[in-house]
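**Student:** So here's work21.txt, just compact mmCIF, C-alpha atoms and all ligand atoms:
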# COMPACT_ATOMS: atom_id res chain seq x y z
CA MET H 1 103.24 21.30 101.33
CA ILE H 2 107.01 20.79 101.11
CA LEU H 3 108.61 17.55 102.32
CA VAL H 4 111.94 18.26 104.03
CA THR H 5 114.16 15.25 104.75
CA GLY H 6 116.77 15.80 107.45
CA GLY H 7 114.81 18.88 108.46
CA LEU H 8 115.88 18.71 112.11
CA GLY H 9 119.58 18.92 111.24
CA TYR H 10 121.74 22.03 111.13
CA LEU H 11 121.00 23.26 107.60
CA GLY H 12 117.52 21.73 107.40
CA SER H 13 116.26 23.41 110.58
CA HIS H 14 117.36 26.88 109.45
CA THR H 15 115.85 26.32 106.01
CA CYS H 16 112.58 25.15 107.62
CA VAL H 17 112.36 28.51 109.41
CA ALA H 18 112.84 30.41 106.14
CA LEU H 19 110.27 28.22 104.34
CA GLN H 20 107.66 28.75 107.06
CA ARG H 21 108.30 32.50 107.01
CA ALA H 22 107.56 32.37 103.27
CA GLY H 23 104.16 30.87 104.07
CA LEU H 24 104.88 27.25 103.15
CA SER H 25 103.62 24.34 105.24
CA LEU H 26 106.10 21.56 105.90
CA LEU H 27 106.36 17.84 106.45
CA VAL H 28 109.69 16.96 108.07
CA VAL H 29 111.08 13.43 107.90
CA ASP H 30 114.17 12.75 110.01
CA ASN H 31 115.50 9.64 111.75
CA LEU H 32 117.23 11.72 114.49
CA ALA H 33 120.56 10.03 113.68
CA ASN H 34 122.32 13.38 114.04
CA SER H 35 119.74 15.74 115.55
CA ARG H 36 117.54 16.25 118.55
CA ILE H 37 113.78 16.46 118.84
CA ALA H 38 114.08 19.74 120.81
CA VAL H 39 114.79 21.45 117.47
CA LEU H 40 111.22 20.90 116.32
CA GLU H 41 109.46 23.17 118.80
CA ARG H 42 112.09 25.86 118.42
CA MET H 43 111.83 25.98 114.65
CA ARG H 44 108.05 25.99 114.86
CA ALA H 45 108.20 28.97 117.23
CA LEU H 46 110.65 30.87 115.01
CA GLY H 47 108.88 30.07 111.75
CA GLY H 48 105.33 30.48 112.99
CA GLY H 49 104.02 28.04 110.38
CA GLU H 50 102.68 24.54 110.12
CA VAL H 51 105.30 21.78 110.56
CA GLU H 52 104.33 18.14 110.75
CA PHE H 53 106.99 15.66 111.82
CA VAL H 54 107.48 11.99 111.05
CA GLN H 55 110.41 10.14 112.60
CA ALA H 56 111.58 7.83 109.84
CA ASP H 57 114.59 6.81 107.80
CA VAL H 58 114.63 7.84 104.14
CA ARG H 59 115.75 4.30 103.26
CA ASP H 60 112.41 3.02 104.59
CA ARG H 61 110.17 3.03 101.53
CA ALA H 62 107.02 2.00 103.40
CA ALA H 63 107.50 4.83 105.90
CA LEU H 64 107.95 7.38 103.09
CA ASP H 65 104.86 6.12 101.28
CA ALA H 66 102.85 6.38 104.49
CA ALA H 67 104.16 9.88 105.22
CA MET H 68 103.22 11.16 101.75
CA ARG H 69 99.85 9.44 101.53
CA GLY H 70 96.92 11.85 101.68
CA ARG H 71 99.16 14.93 101.57
CA ARG H 72 99.71 17.17 98.56
CA ILE H 73 103.51 17.36 98.37
CA GLU H 74 104.63 19.98 95.84
CA ALA H 75 108.37 19.40 96.16
CA VAL H 76 111.01 17.74 98.31
CA MET H 77 114.09 19.25 99.93
CA HIS H 78 116.55 16.49 100.64
CA PHE H 79 119.03 17.26 103.44
CA ALA H 80 119.06 13.80 105.07
CA GLY H 81 122.42 12.09 104.88
CA LEU H 82 125.76 11.62 106.58
CA LYS H 83 128.28 14.42 106.12
CA ALA H 84 131.67 13.84 107.74
CA VAL H 85 134.36 13.46 105.08
CA GLY H 86 136.88 11.67 107.36
CA GLU H 87 134.27 9.30 108.74
CA SER H 88 133.22 8.39 105.19
CA VAL H 89 136.73 7.09 104.52
CA ALA H 90 136.53 4.87 107.62
CA ARG H 91 132.89 3.77 107.13
CA PRO H 92 132.17 3.76 103.38
CA LEU H 93 129.31 1.24 103.59
CA GLU H 94 127.31 3.52 105.89
CA TYR H 95 127.92 6.52 103.64
CA TYR H 96 126.98 4.78 100.39
CA ASP H 97 123.91 3.30 102.05
CA ASN H 98 122.61 6.48 103.70
CA ASN H 99 123.46 8.89 100.92
CA LEU H 100 122.96 6.81 97.77
CA THR H 101 120.37 4.23 98.84
CA GLY H 102 118.56 6.90 100.86
CA THR H 103 118.23 9.16 97.82
CA LEU H 104 117.29 6.30 95.51
CA VAL H 105 114.48 5.15 97.80
CA LEU H 106 113.28 8.73 98.22
CA LEU H 107 113.17 9.26 94.43
CA GLN H 108 111.24 6.00 93.97
CA ALA H 109 108.72 7.05 96.62
CA MET H 110 108.40 10.49 94.99
CA ALA H 111 107.76 8.94 91.56
CA ALA H 112 105.09 6.66 93.02
CA ALA H 113 103.42 9.62 94.74
CA GLY H 114 103.62 11.83 91.62
CA VAL H 115 106.07 14.34 93.12
CA HIS H 116 108.45 15.66 90.50
CA ALA H 117 110.62 18.40 92.06
CA LEU H 118 113.68 17.95 94.29
CA VAL H 119 116.19 20.31 95.89
CA PHE H 120 119.32 18.35 96.76
CA SER H 121 122.13 19.14 99.24
CA SER H 122 125.29 18.69 97.21
CA SER H 123 128.73 19.90 98.18
CA ALA H 124 131.76 21.76 96.86
CA THR H 125 133.75 18.59 97.62
CA VAL H 126 132.61 17.28 94.20
CA TYR H 127 135.25 19.56 92.60
CA GLY H 128 138.34 18.18 94.36
CA GLU H 129 141.79 19.76 93.93
CA PRO H 130 141.27 23.16 92.20
CA ALA H 131 142.40 23.39 88.57
CA PHE H 132 141.41 27.07 88.80
CA LEU H 133 139.64 29.37 91.28
CA PRO H 134 136.99 30.42 91.90
CA TYR H 135 135.30 27.11 91.17
CA THR H 136 132.64 27.60 88.51
CA GLU H 137 130.02 24.90 88.01
CA GLU H 138 131.99 23.89 84.89
CA HIS H 139 135.13 23.16 86.91
CA PRO H 140 136.21 19.52 86.35
CA LEU H 141 134.68 17.15 88.90
CA ASN H 142 137.04 15.03 90.96
CA PRO H 143 135.32 13.76 94.10
CA VAL H 144 137.91 12.00 96.26
CA SER H 145 136.34 10.80 99.53
CA PRO H 146 133.45 8.30 99.64
CA TYR H 147 131.34 11.22 100.91
CA ALA H 148 132.14 13.34 97.86
CA VAL H 149 131.54 10.38 95.56
CA THR H 150 128.05 9.91 97.03
CA LYS H 151 127.25 13.60 96.36
CA ARG H 152 128.44 13.40 92.77
CA GLY H 153 126.68 10.04 92.35
CA VAL H 154 123.35 11.57 93.35
CA GLU H 155 123.90 14.54 91.01
CA ARG H 156 124.46 12.09 88.16
CA LEU H 157 121.35 10.13 89.11
CA LEU H 158 119.33 13.37 89.03
CA GLU H 159 120.72 14.23 85.58
CA ASP H 160 119.76 10.78 84.27
CA LEU H 161 116.28 10.97 85.79
CA ALA H 162 115.60 14.45 84.36
CA ALA H 163 116.73 13.22 80.93
CA ALA H 164 114.36 10.26 81.14
CA ASP H 165 111.30 12.01 82.59
CA ALA H 166 110.32 15.46 81.32
CA ARG H 167 108.21 16.10 84.42
CA PHE H 168 111.14 15.68 86.82
CA ARG H 169 113.13 18.80 87.81
CA TYR H 170 115.88 19.25 90.35
CA ALA H 171 118.15 21.85 91.88
CA ALA H 172 121.50 20.40 93.00
CA LEU H 173 123.01 23.01 95.31
CA ARG H 174 126.75 22.77 95.91
CA TYR H 175 127.29 24.25 99.35
CA PHE H 176 130.58 25.80 100.33
CA ASN H 177 131.16 26.22 104.11
CA PRO H 178 127.91 27.11 105.92
CA ILE H 179 128.41 28.57 109.42
CA GLY H 180 126.47 30.81 111.81
CA ALA H 181 123.00 30.46 113.22
CA HIS H 182 119.55 32.02 113.24
CA PRO H 183 120.06 35.53 114.75
CA SER H 184 117.70 34.68 117.63
CA GLY H 185 120.26 32.18 118.97
CA ARG H 186 117.43 29.65 119.44
CA ILE H 187 118.68 27.21 116.80
CA GLY H 188 122.23 26.56 115.63
CA GLU H 189 124.88 23.97 114.90
CA ASP H 190 125.12 21.24 117.55
CA PRO H 191 127.57 18.56 116.43
CA ARG H 192 127.86 15.39 118.49
CA GLY H 193 131.25 14.80 120.11
CA ILE H 194 134.33 16.87 119.31
CA PRO H 195 133.57 19.05 116.27
CA GLY H 196 135.54 18.17 113.15
CA ASN H 197 134.86 21.51 111.48
CA LEU H 198 136.59 24.77 112.27
CA PHE H 199 133.76 27.05 113.34
CA PRO H 200 131.86 24.88 115.83
CA TYR H 201 135.25 24.00 117.33
CA LEU H 202 136.05 27.71 117.65
CA THR H 203 132.72 28.59 119.30
CA GLN H 204 133.11 25.68 121.74
CA VAL H 205 136.56 26.97 122.71
CA ALA H 206 135.06 30.45 123.17
CA VAL H 207 132.33 29.09 125.47
CA GLY H 208 134.84 27.09 127.52
CA ARG H 209 133.86 23.57 126.43
CA LEU H 210 137.22 23.01 124.73
CA ASP H 211 140.62 24.40 125.76
CA GLN H 212 142.18 25.62 122.58
CA LEU H 213 141.79 25.62 118.83
CA THR H 214 144.47 24.02 116.67
CA VAL H 215 145.09 25.84 113.39
CA HIS H 216 145.90 23.10 110.89
CA GLY H 217 148.89 24.36 108.90
CA ARG H 218 150.48 27.81 108.65
CA GLU H 219 152.55 27.55 105.48
CA TYR H 220 149.93 27.17 102.81
CA ASP H 221 150.27 29.29 99.70
CA THR H 222 147.66 31.79 100.98
CA PRO H 223 148.08 35.42 102.14
CA ASP H 224 148.63 34.49 105.81
CA GLY H 225 149.61 30.84 105.35
CA THR H 226 146.37 29.36 106.78
CA GLY H 227 143.59 27.61 104.88
CA VAL H 228 141.08 29.73 102.97
CA ARG H 229 137.38 28.82 102.58
CA ASP H 230 134.15 30.40 101.38
CA TYR H 231 132.06 30.67 104.57
CA ILE H 232 128.37 31.32 103.97
CA HIS H 233 125.81 32.36 106.59
CA VAL H 234 123.35 29.53 107.19
CA MET H 235 120.40 31.94 106.77
CA ASP H 236 121.74 32.99 103.35
CA LEU H 237 121.95 29.31 102.49
CA ALA H 238 118.33 28.92 103.66
CA ASP H 239 117.24 31.83 101.43
CA GLY H 240 119.08 30.18 98.53
CA HIS H 241 116.90 27.10 99.01
CA LEU H 242 113.77 29.18 98.86
CA ALA H 243 114.98 30.74 95.59
CA ALA H 244 115.76 27.29 94.17
CA LEU H 245 112.34 26.00 95.23
CA ARG H 246 110.61 28.90 93.46
CA HIS H 247 112.69 28.18 90.36
CA LEU H 248 111.41 24.59 90.32
CA LEU H 249 107.81 25.43 91.15
CA GLU H 250 107.75 27.99 88.35
CA ALA H 251 108.97 25.23 85.99
CA ARG H 252 112.11 27.08 84.97
CA GLY H 253 114.02 23.80 84.58
CA SER H 254 116.71 21.95 86.45
CA ILE H 255 119.86 23.59 87.76
CA THR H 256 123.17 22.74 89.42
CA ALA H 257 124.56 25.76 91.23
CA ASN H 258 127.13 26.79 93.82
CA LEU H 259 125.85 28.31 97.07
CA GLY H 260 128.72 30.44 98.33
CA THR H 261 129.62 34.08 98.69
CA GLY H 262 132.50 34.19 96.21
CA ARG H 263 134.86 35.42 98.94
CA GLY H 264 137.59 33.48 100.71
CA THR H 265 138.46 33.93 104.41
CA SER H 266 141.48 32.39 106.14
CA VAL H 267 141.44 30.58 109.48
CA LEU H 268 143.28 33.49 111.13
CA GLU H 269 140.90 36.05 109.60
CA LEU H 270 137.93 34.11 110.92
CA ILE H 271 139.41 33.94 114.43
CA ALA H 272 140.16 37.69 114.31
CA ALA H 273 136.62 38.53 113.15
CA PHE H 274 135.12 36.40 115.92
CA GLU H 275 137.31 38.10 118.53
CA ARG H 276 136.39 41.54 117.18
CA VAL H 277 132.65 40.86 117.24
CA THR H 278 132.50 39.17 120.65
CA GLY H 279 135.33 40.92 122.49
CA LEU H 280 136.60 37.47 123.54
CA ARG H 281 140.02 35.88 123.06
CA VAL H 282 140.12 32.50 121.33
CA PRO H 283 143.18 30.56 122.52
CA HIS H 284 144.80 28.88 119.52
CA ALA H 285 148.03 27.20 118.51
CA PHE H 286 149.46 26.02 115.21
CA GLY H 287 149.61 22.35 114.34
CA PRO H 288 150.48 20.32 111.24
CA ARG H 289 148.33 20.30 108.11
CA ARG H 290 145.27 18.07 108.22
CA ASP H 291 145.37 15.11 105.84
CA GLY H 292 143.54 15.72 102.60
CA ASP H 293 143.06 19.49 103.15
CA ILE H 294 143.13 21.86 100.19
CA ALA H 295 144.95 25.20 100.73
CA SER H 296 142.21 27.40 99.36
CA TYR H 297 138.86 27.24 97.62
CA TYR H 298 135.89 29.50 97.07
CA ALA H 299 132.88 29.76 94.81
CA ASP H 300 132.08 31.57 91.66
CA ALA H 301 128.61 32.51 92.93
CA ARG H 302 127.33 34.21 89.77
CA LEU H 303 125.21 31.39 88.34
CA ALA H 304 122.90 31.31 91.38
CA GLU H 305 122.52 35.07 91.13
CA ARG H 306 121.77 34.99 87.41
CA ALA H 307 119.46 31.97 87.40
CA LEU H 308 117.86 32.07 90.85
CA GLY H 309 118.03 35.79 91.60
CA TRP H 310 119.75 34.96 94.88
CA ARG H 311 123.02 36.13 96.38
CA ALA H 312 124.46 35.95 99.87
CA SER H 313 123.96 39.21 101.76
CA ARG H 314 125.45 38.48 105.20
CA GLY H 315 129.13 38.91 106.02
CA ILE H 316 131.69 37.16 108.23
CA GLU H 317 130.89 39.40 111.20
CA ASP H 318 127.17 38.48 110.98
CA MET H 319 128.15 34.81 110.94
CA CYS H 320 130.31 35.31 114.07
CA ARG H 321 127.69 37.37 115.93
CA ASP H 322 124.84 34.95 115.24
CA ALA H 323 126.87 31.81 115.98
CA TRP H 324 127.87 33.36 119.30
CA ALA H 325 124.24 34.21 120.10
CA TRP H 326 123.49 30.49 119.70
CA GLN H 327 126.58 29.06 121.43
CA SER H 328 126.55 31.45 124.39
CA ALA H 329 122.83 30.85 125.06
CA ASN H 330 123.18 27.07 124.56
CA PRO H 331 126.67 26.20 125.82
CA SER H 332 125.94 22.46 125.74
CA GLY H 333 123.79 22.56 122.60
CA TYR H 334 120.19 21.32 122.57
CA PRO H 335 118.74 19.56 125.59
CA ASP H 336 118.23 15.77 125.19
P1 LIG Q 1 123.08 17.35 109.84
O1 LIG Q 1 123.71 16.05 110.19
O2 LIG Q 1 122.98 18.40 110.88
O3 LIG Q 1 121.61 17.10 109.27
C1 LIG Q 1 121.25 15.94 108.57
C2 LIG Q 1 119.92 15.44 109.14
O4 LIG Q 1 119.52 14.28 108.43
C3 LIG Q 1 120.00 15.06 110.62
O5 LIG Q 1 118.92 15.63 111.32
C4 LIG Q 1 119.93 13.53 110.62
O6 LIG Q 1 119.31 13.03 111.78
C5 LIG Q 1 119.14 13.27 109.37
N1 LIG Q 1 119.43 11.98 108.71
C6 LIG Q 1 120.63 11.44 108.43
N2 LIG Q 1 120.48 10.27 107.79
C7 LIG Q 1 119.15 10.06 107.66
C8 LIG Q 1 118.36 9.03 107.10
N3 LIG Q 1 118.93 7.95 106.53
N4 LIG Q 1 117.00 9.15 107.15
C9 LIG Q 1 116.42 10.22 107.73
N5 LIG Q 1 117.12 11.24 108.29
C10 LIG Q 1 118.46 11.15 108.25
O7 LIG Q 1 123.86 17.91 108.55
P2 LIG Q 1 123.75 19.33 107.86
O8 LIG Q 1 125.00 20.07 108.11
O9 LIG Q 1 122.46 19.97 108.17
O10 LIG Q 1 123.78 18.89 106.33
C11 LIG Q 1 122.59 18.65 105.60
C12 LIG Q 1 122.95 18.16 104.21
O11 LIG Q 1 123.80 19.10 103.56
C13 LIG Q 1 123.71 16.81 104.19
O12 LIG Q 1 123.26 16.07 103.09
C14 LIG Q 1 125.14 17.25 103.97
O13 LIG Q 1 125.89 16.25 103.32
C15 LIG Q 1 124.97 18.47 103.08
N6 LIG Q 1 126.11 19.41 103.18
C16 LIG Q 1 126.43 19.95 104.39
C17 LIG Q 1 127.50 20.83 104.47
C18 LIG Q 1 127.92 21.42 105.79
O14 LIG Q 1 129.02 21.98 105.86
N7 LIG Q 1 127.13 21.35 106.85
C19 LIG Q 1 128.21 21.18 103.32
C20 LIG Q 1 127.84 20.61 102.09
C21 LIG Q 1 126.76 19.74 102.04
C1 LIG Q 2 137.96 24.77 107.33
C2 LIG Q 2 139.40 25.28 107.49
C3 LIG Q 2 140.97 23.54 108.03
C4 LIG Q 2 139.38 22.57 111.98
C5 LIG Q 2 134.33 20.28 105.16
C6 LIG Q 2 133.90 19.39 104.04
C7 LIG Q 2 132.96 20.15 103.14
C8 LIG Q 2 131.79 20.67 103.90
C9 LIG Q 2 132.24 21.47 105.07
C10 LIG Q 2 130.19 18.83 103.72
C11 LIG Q 2 140.45 24.37 106.85
C12 LIG Q 2 140.88 24.53 109.16
C13 LIG Q 2 139.63 23.11 110.74
C14 LIG Q 2 140.27 22.90 113.06
C15 LIG Q 2 141.54 24.27 111.52
N1 LIG Q 2 130.96 19.63 104.40
N2 LIG Q 2 140.68 23.93 110.50
N3 LIG Q 2 141.32 23.74 112.77
O1 LIG Q 2 137.37 20.95 105.45
O2 LIG Q 2 136.71 23.12 104.31
O3 LIG Q 2 135.02 21.38 104.59
O4 LIG Q 2 133.17 20.73 105.85
O5 LIG Q 2 129.93 18.80 102.56
O6 LIG Q 2 132.52 19.28 102.16
O7 LIG Q 2 135.05 18.98 103.33
O8 LIG Q 2 135.78 22.61 106.58
O9 LIG Q 2 135.56 23.57 108.82
O10 LIG Q 2 136.73 21.35 108.57
O11 LIG Q 2 137.87 23.43 107.77
O12 LIG Q 2 142.51 25.01 111.33
O13 LIG Q 2 140.14 22.45 114.19
O14 LIG Q 2 139.72 25.30 108.89
O15 LIG Q 2 142.29 23.10 107.86
O16 LIG Q 2 141.46 25.19 106.34
P1 LIG Q 2 136.36 21.99 105.20
P2 LIG Q 2 136.44 22.70 108.02
Render the structure in this file as structure tokens.

**Tutor:**
Amino acid sequence: MILVTGGLGYLGSHTCVALQRAGLSLLVVDNLANSRIAVLERMRALGGGEVEFVQADVRDRAALDAAMRGRRIEAVMHFAGLKAVGESVARPLEYYDNNLTGTLVLLQAMAAAGVHALVFSSSATVYGEPAFLPYTEEHPLNPVSPYAVTKRGVERLLEDLAAADARFRYAALRYFNPIGAHPSGRIGEDPRGIPGNLFPYLTQVAVGRLDQLTVHGREYDTPDGTGVRDYIHVMDLADGHLAALRHLLEARGSITANLGTGRGTSVLELIAAFERVTGLRVPHAFGPRRDGDIASYYADARLAERALGWRASRGIEDMCRDAWAWQSANPSGYPD
């Protein structure tokens, strides 16, 4: 059985479907801080497997001990945490507590229960301003926001733990920009409030929840002047987790790897692809640059391919089509 923390969230729920489809049974622990219980039945229906759920906070050691007791947990996938870069600058205590304390308590509970394998949700934000592109895993690390510092802090903790305990193995996966949804449109990204990220904002404009998209900056040093990112389909990201899990369960050692496609797409290219796929128009206007934004970044995705035998197979148009399947069928997101 695999323990999935934060398994009702955006990335966790899609990964839970892929894990079930691979025949794994799951124990999900989530405190519902940024997700809805309606996700559970939908991911059970899509995955067709066994999913137990415990509503608990990963900082609650007694709750983790109780959840693991009597169950044979082979490995943990740790998605639980807070993820908004801007909010982390305004509320550092909450970010350090959820992301660092949460992981520390989880690792202590795992050690006590004799569980020695962890897949961790890291982030490309650990690299900071690019010294060169694409970012390889050897690129210098310069986390700037409190959020990025928590991700790098956990990576360092995992390195120290693996050095101290030969049984412990981890996969730290540095995600680029996951977007899209399960192709059924039954589960997808459902941010609370006004989305801070480009793609959920775009799909909410397309469905009529928001009036118009603001493109942040048009004079970057990129082919069309707008920001370039490495968007990765959430189901490719889910498959990458399955590959990383197999790597750990087969005792092939610890790994820190990018999960991206290796290709950059600009804001205007993404809007154009979405319009092409859906036949809709997305009203947009240009605004000033967003504070702290980097012009362009994308992954060198070769390590994951070499070491995990995984590479992204879905393209930008798949991401647009599947996100629209979700947003158009669920204009207001999940029910309460
Ligand atoms: P999400 O907010 O949708 O999912 C996180 C889940 O964890 C939610 O269901 C939330 O309720 C739960 N959670 C939060 N704090 C918790 C706690 N203390 N105890 C128990 N549950 C808790 O976010 P997501 O987009 O699915 O991201 C998952 C992970 O991936 C996060 O760690 C995030 O930092 C990381 N990540 C995300 C992105 C991205 O673009 N979405 C990119 C890089 C890394
Ligand atoms: C993408 C592009 C914006 C909104 C962040 C985190 C990263 C990861 C994913 C957690 C940029 C432009 C955006 C809008 C726009 N999360 N944009 N109008 O900033 O690359 O990454 O989320 O780990 O760590 O830093 O993603 O989707 O916010 O922005 O023009 O309304 O879209 O300027 O070029 P970002 P994003």

**Student:** Please report, as JSON lines, each residue of chain H lying at most 8 Å from ligand LIG 1 (chain Q), together with the nearest pair of atoms and the separation in Å rounded to one decimal; use only C-alpha atoms and all ligand atoms, and order rows by chain and ascending residue number.

**Tutor:**
{"residue": "H:Thr5", "atom": "CA", "partner": "Q:LIG1", "partner_atom": "N5", "distance": 6.1}
{"residue": "H:Gly6", "atom": "CA", "partner": "Q:LIG1", "partner_atom": "O4", "distance": 3.3}
{"residue": "H:Gly7", "atom": "CA", "partner": "Q:LIG1", "partner_atom": "O5", "distance": 6.0}
{"residue": "H:Leu8", "atom": "CA", "partner": "Q:LIG1", "partner_atom": "O5", "distance": 4.4}
{"residue": "H:Gly9", "atom": "CA", "partner": "Q:LIG1", "partner_atom": "O5", "distance": 3.4}
{"residue": "H:Tyr10", "atom": "CA", "partner": "Q:LIG1", "partner_atom": "O9", "distance": 3.7}
{"residue": "H:Leu11", "atom": "CA", "partner": "Q:LIG1", "partner_atom": "O9", "distance": 3.6}
{"residue": "H:Gly12", "atom": "CA", "partner": "Q:LIG1", "partner_atom": "O9", "distance": 5.3}
{"residue": "H:Ser13", "atom": "CA", "partner": "Q:LIG1", "partner_atom": "O9", "distance": 7.5}
{"residue": "H:Val29", "atom": "CA", "partner": "Q:LIG1", "partner_atom": "C9", "distance": 6.2}
{"residue": "H:Asp30", "atom": "CA", "partner": "Q:LIG1", "partner_atom": "N5", "distance": 3.7}
{"residue": "H:Asn31", "atom": "CA", "partner": "Q:LIG1", "partner_atom": "N5", "distance": 4.1}
{"residue": "H:Leu32", "atom": "CA", "partner": "Q:LIG1", "partner_atom": "O6", "distance": 3.7}
{"residue": "H:Ala33", "atom": "CA", "partner": "Q:LIG1", "partner_atom": "O6", "distance": 3.8}
{"residue": "H:Asn34", "atom": "CA", "partner": "Q:LIG1", "partner_atom": "O6", "distance": 3.8}
{"residue": "H:Ser35", "atom": "CA", "partner": "Q:LIG1", "partner_atom": "O5", "distance": 4.3}
{"residue": "H:Arg36", "atom": "CA", "partner": "Q:LIG1", "partner_atom": "O5", "distance": 7.4}
{"residue": "H:Gln55", "atom": "CA", "partner": "Q:LIG1", "partner_atom": "C9", "distance": 7.7}
{"residue": "H:Ala56", "atom": "CA", "partner": "Q:LIG1", "partner_atom": "C9", "distance": 5.8}
{"residue": "H:Asp57", "atom": "CA", "partner": "Q:LIG1", "partner_atom": "N4", "distance": 3.4}
{"residue": "H:Val58", "atom": "CA", "partner": "Q:LIG1", "partner_atom": "N4", "distance": 4.0}
{"residue": "H:Arg59", "atom": "CA", "partner": "Q:LIG1", "partner_atom": "N3", "distance": 5.8}
{"residue": "H:His78", "atom": "CA", "partner": "Q:LIG1", "partner_atom": "O12", "distance": 7.2}
{"residue": "H:Phe79", "atom": "CA", "partner": "Q:LIG1", "partner_atom": "C12", "distance": 4.1}
{"residue": "H:Ala80", "atom": "CA", "partner": "Q:LIG1", "partner_atom": "O4", "distance": 3.4}
{"residue": "H:Gly81", "atom": "CA", "partner": "Q:LIG1", "partner_atom": "N2", "distance": 3.9}
{"residue": "H:Leu82", "atom": "CA", "partner": "Q:LIG1", "partner_atom": "C6", "distance": 5.5}
{"residue": "H:Lys83", "atom": "CA", "partner": "Q:LIG1", "partner_atom": "O13", "distance": 4.1}
{"residue": "H:Ala84", "atom": "CA", "partner": "Q:LIG1", "partner_atom": "O13", "distance": 7.7}
{"residue": "H:Asn98", "atom": "CA", "partner": "Q:LIG1", "partner_atom": "N3", "distance": 4.9}
{"residue": "H:Asn99", "atom": "CA", "partner": "Q:LIG1", "partner_atom": "N3", "distance": 7.3}
{"residue": "H:Gly102", "atom": "CA", "partner": "Q:LIG1", "partner_atom": "N3", "distance": 5.8}
{"residue": "H:Phe120", "atom": "CA", "partner": "Q:LIG1", "partner_atom": "O12", "distance": 7.8}
{"residue": "H:Ser121", "atom": "CA", "partner": "Q:LIG1", "partner_atom": "O11", "distance": 4.6}
{"residue": "H:Ser122", "atom": "CA", "partner": "Q:LIG1", "partner_atom": "C21", "distance": 5.2}
{"residue": "H:Ser123", "atom": "CA", "partner": "Q:LIG1", "partner_atom": "C20", "distance": 4.1}
{"residue": "H:Ala124", "atom": "CA", "partner": "Q:LIG1", "partner_atom": "C20", "distance": 6.6}
{"residue": "H:Thr125", "atom": "CA", "partner": "Q:LIG1", "partner_atom": "C20", "distance": 7.7}
{"residue": "H:Tyr147", "atom": "CA", "partner": "Q:LIG1", "partner_atom": "O13", "distance": 7.8}
{"residue": "H:Lys151", "atom": "CA", "partner": "Q:LIG1", "partner_atom": "O13", "distance": 7.6}
{"residue": "H:Arg174", "atom": "CA", "partner": "Q:LIG1", "partner_atom": "C20", "distance": 6.6}
{"residue": "H:Tyr175", "atom": "CA", "partner": "Q:LIG1", "partner_atom": "C20", "distance": 4.6}
{"residue": "H:Phe176", "atom": "CA", "partner": "Q:LIG1", "partner_atom": "C19", "distance": 6.0}
{"residue": "H:Asn177", "atom": "CA", "partner": "Q:LIG1", "partner_atom": "O14", "distance": 5.1}
{"residue": "H:Pro178", "atom": "CA", "partner": "Q:LIG1", "partner_atom": "O14", "distance": 5.2}
{"residue": "H:Ile179", "atom": "CA", "partner": "Q:LIG1", "partner_atom": "O14", "distance": 7.5}
{"residue": "H:Glu189", "atom": "CA", "partner": "Q:LIG1", "partner_atom": "O2", "distance": 7.1}
{"residue": "H:Asp190", "atom": "CA", "partner": "Q:LIG1", "partner_atom": "O2", "distance": 7.6}
{"residue": "H:Pro191", "atom": "CA", "partner": "Q:LIG1", "partner_atom": "O2", "distance": 7.2}

**Student:** I want to know what sits within 10 Å of Asp60 of chain H, based on only C-alpha atoms, with residues of the same chain fewer than 4 positions away left out; could you give that as a CSV table (one decimal) with C-alpha atoms, in the coordinates of the input?

**Tutor:**
chain,number,residue,atom,x,y,z
H,56,ALA,CA,111.6,7.8,109.8
H,64,LEU,CA,108.0,7.4,103.1
H,65,ASP,CA,104.9,6.1,101.3
H,101,THR,CA,120.4,4.2,98.8
H,102,GLY,CA,118.6,6.9,100.9
H,105,VAL,CA,114.5,5.2,97.8
H,106,LEU,CA,113.3,8.7,98.2
H,109,ALA,CA,108.7,7.0,96.6

**Student:** Nearest to ligand LIG 2 (chain Q): which of H:Phe168, H:Tyr220, H:Tyr95, H:Trp310 is it, counting all atoms listed in the file?

**Tutor:**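 Distance minimum relative to ligand LIG 2 (chain Q) lands on H:Tyr220.
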
**Student:** Please give me, as a PyMOL selection string, the residues lying within 9 Å of ligand LIG 2 (chain Q) when counting all atoms listed in the file.

**Tutor:** chain H and resi 82-86+121-126+147-148+151+174-179+195-202+213-218+226-231+266-268+286-287+289-297

**Student:** Could you check how far atom CA of Arg246 of chain H sits from atom CA of Ala312 of chain H, in Å to one decimal?

**Tutor:** 16.8 Å

**Student:** I'd like the interatomic distance between atom CA of Pro146 of chain H and atom CA of Arg91 of chain H, to a tenth of an Å.

**Tutor:** 8.8 Å

**Student:** As a ChimeraX atom specification, please: the residues near Glu317 of chain H (cut-off 12 Å, all atoms listed in the file, same-chain neighbours under 5 positions excluded).

**Tutor:** /H:179-180,231-233,265,269-278,322-324

**Student:** Anything within 12 Å of (102.1, 24.7, 103.5): list those residues as a list in words, counting only C-alpha atoms and sticking to the file's coordinates.

**Tutor:**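 Protein, DNA and RNA residues close to (102.1, 24.7, 103.5): Met1, Ile2, Leu3, Val4, Cys16, Leu19, Gln20, Arg21, Ala22, Gly23, Leu24, Ser25, Leu26, Leu27, Val28, Gly47, Gly48, Gly49, Glu50, Val51, Glu52, Arg71, Arg72, Ile73, Glu74 and Ala75 of chain H.
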
**Student:** Of the residues H:Trp326, H:Tyr334, H:Phe132, H:Tyr298, which is the one nearest to Gly264 of chain H, using all atoms listed in the file?

**Tutor:**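 Closest to Gly264 of chain H, using all atoms listed in the file: H:Tyr298.
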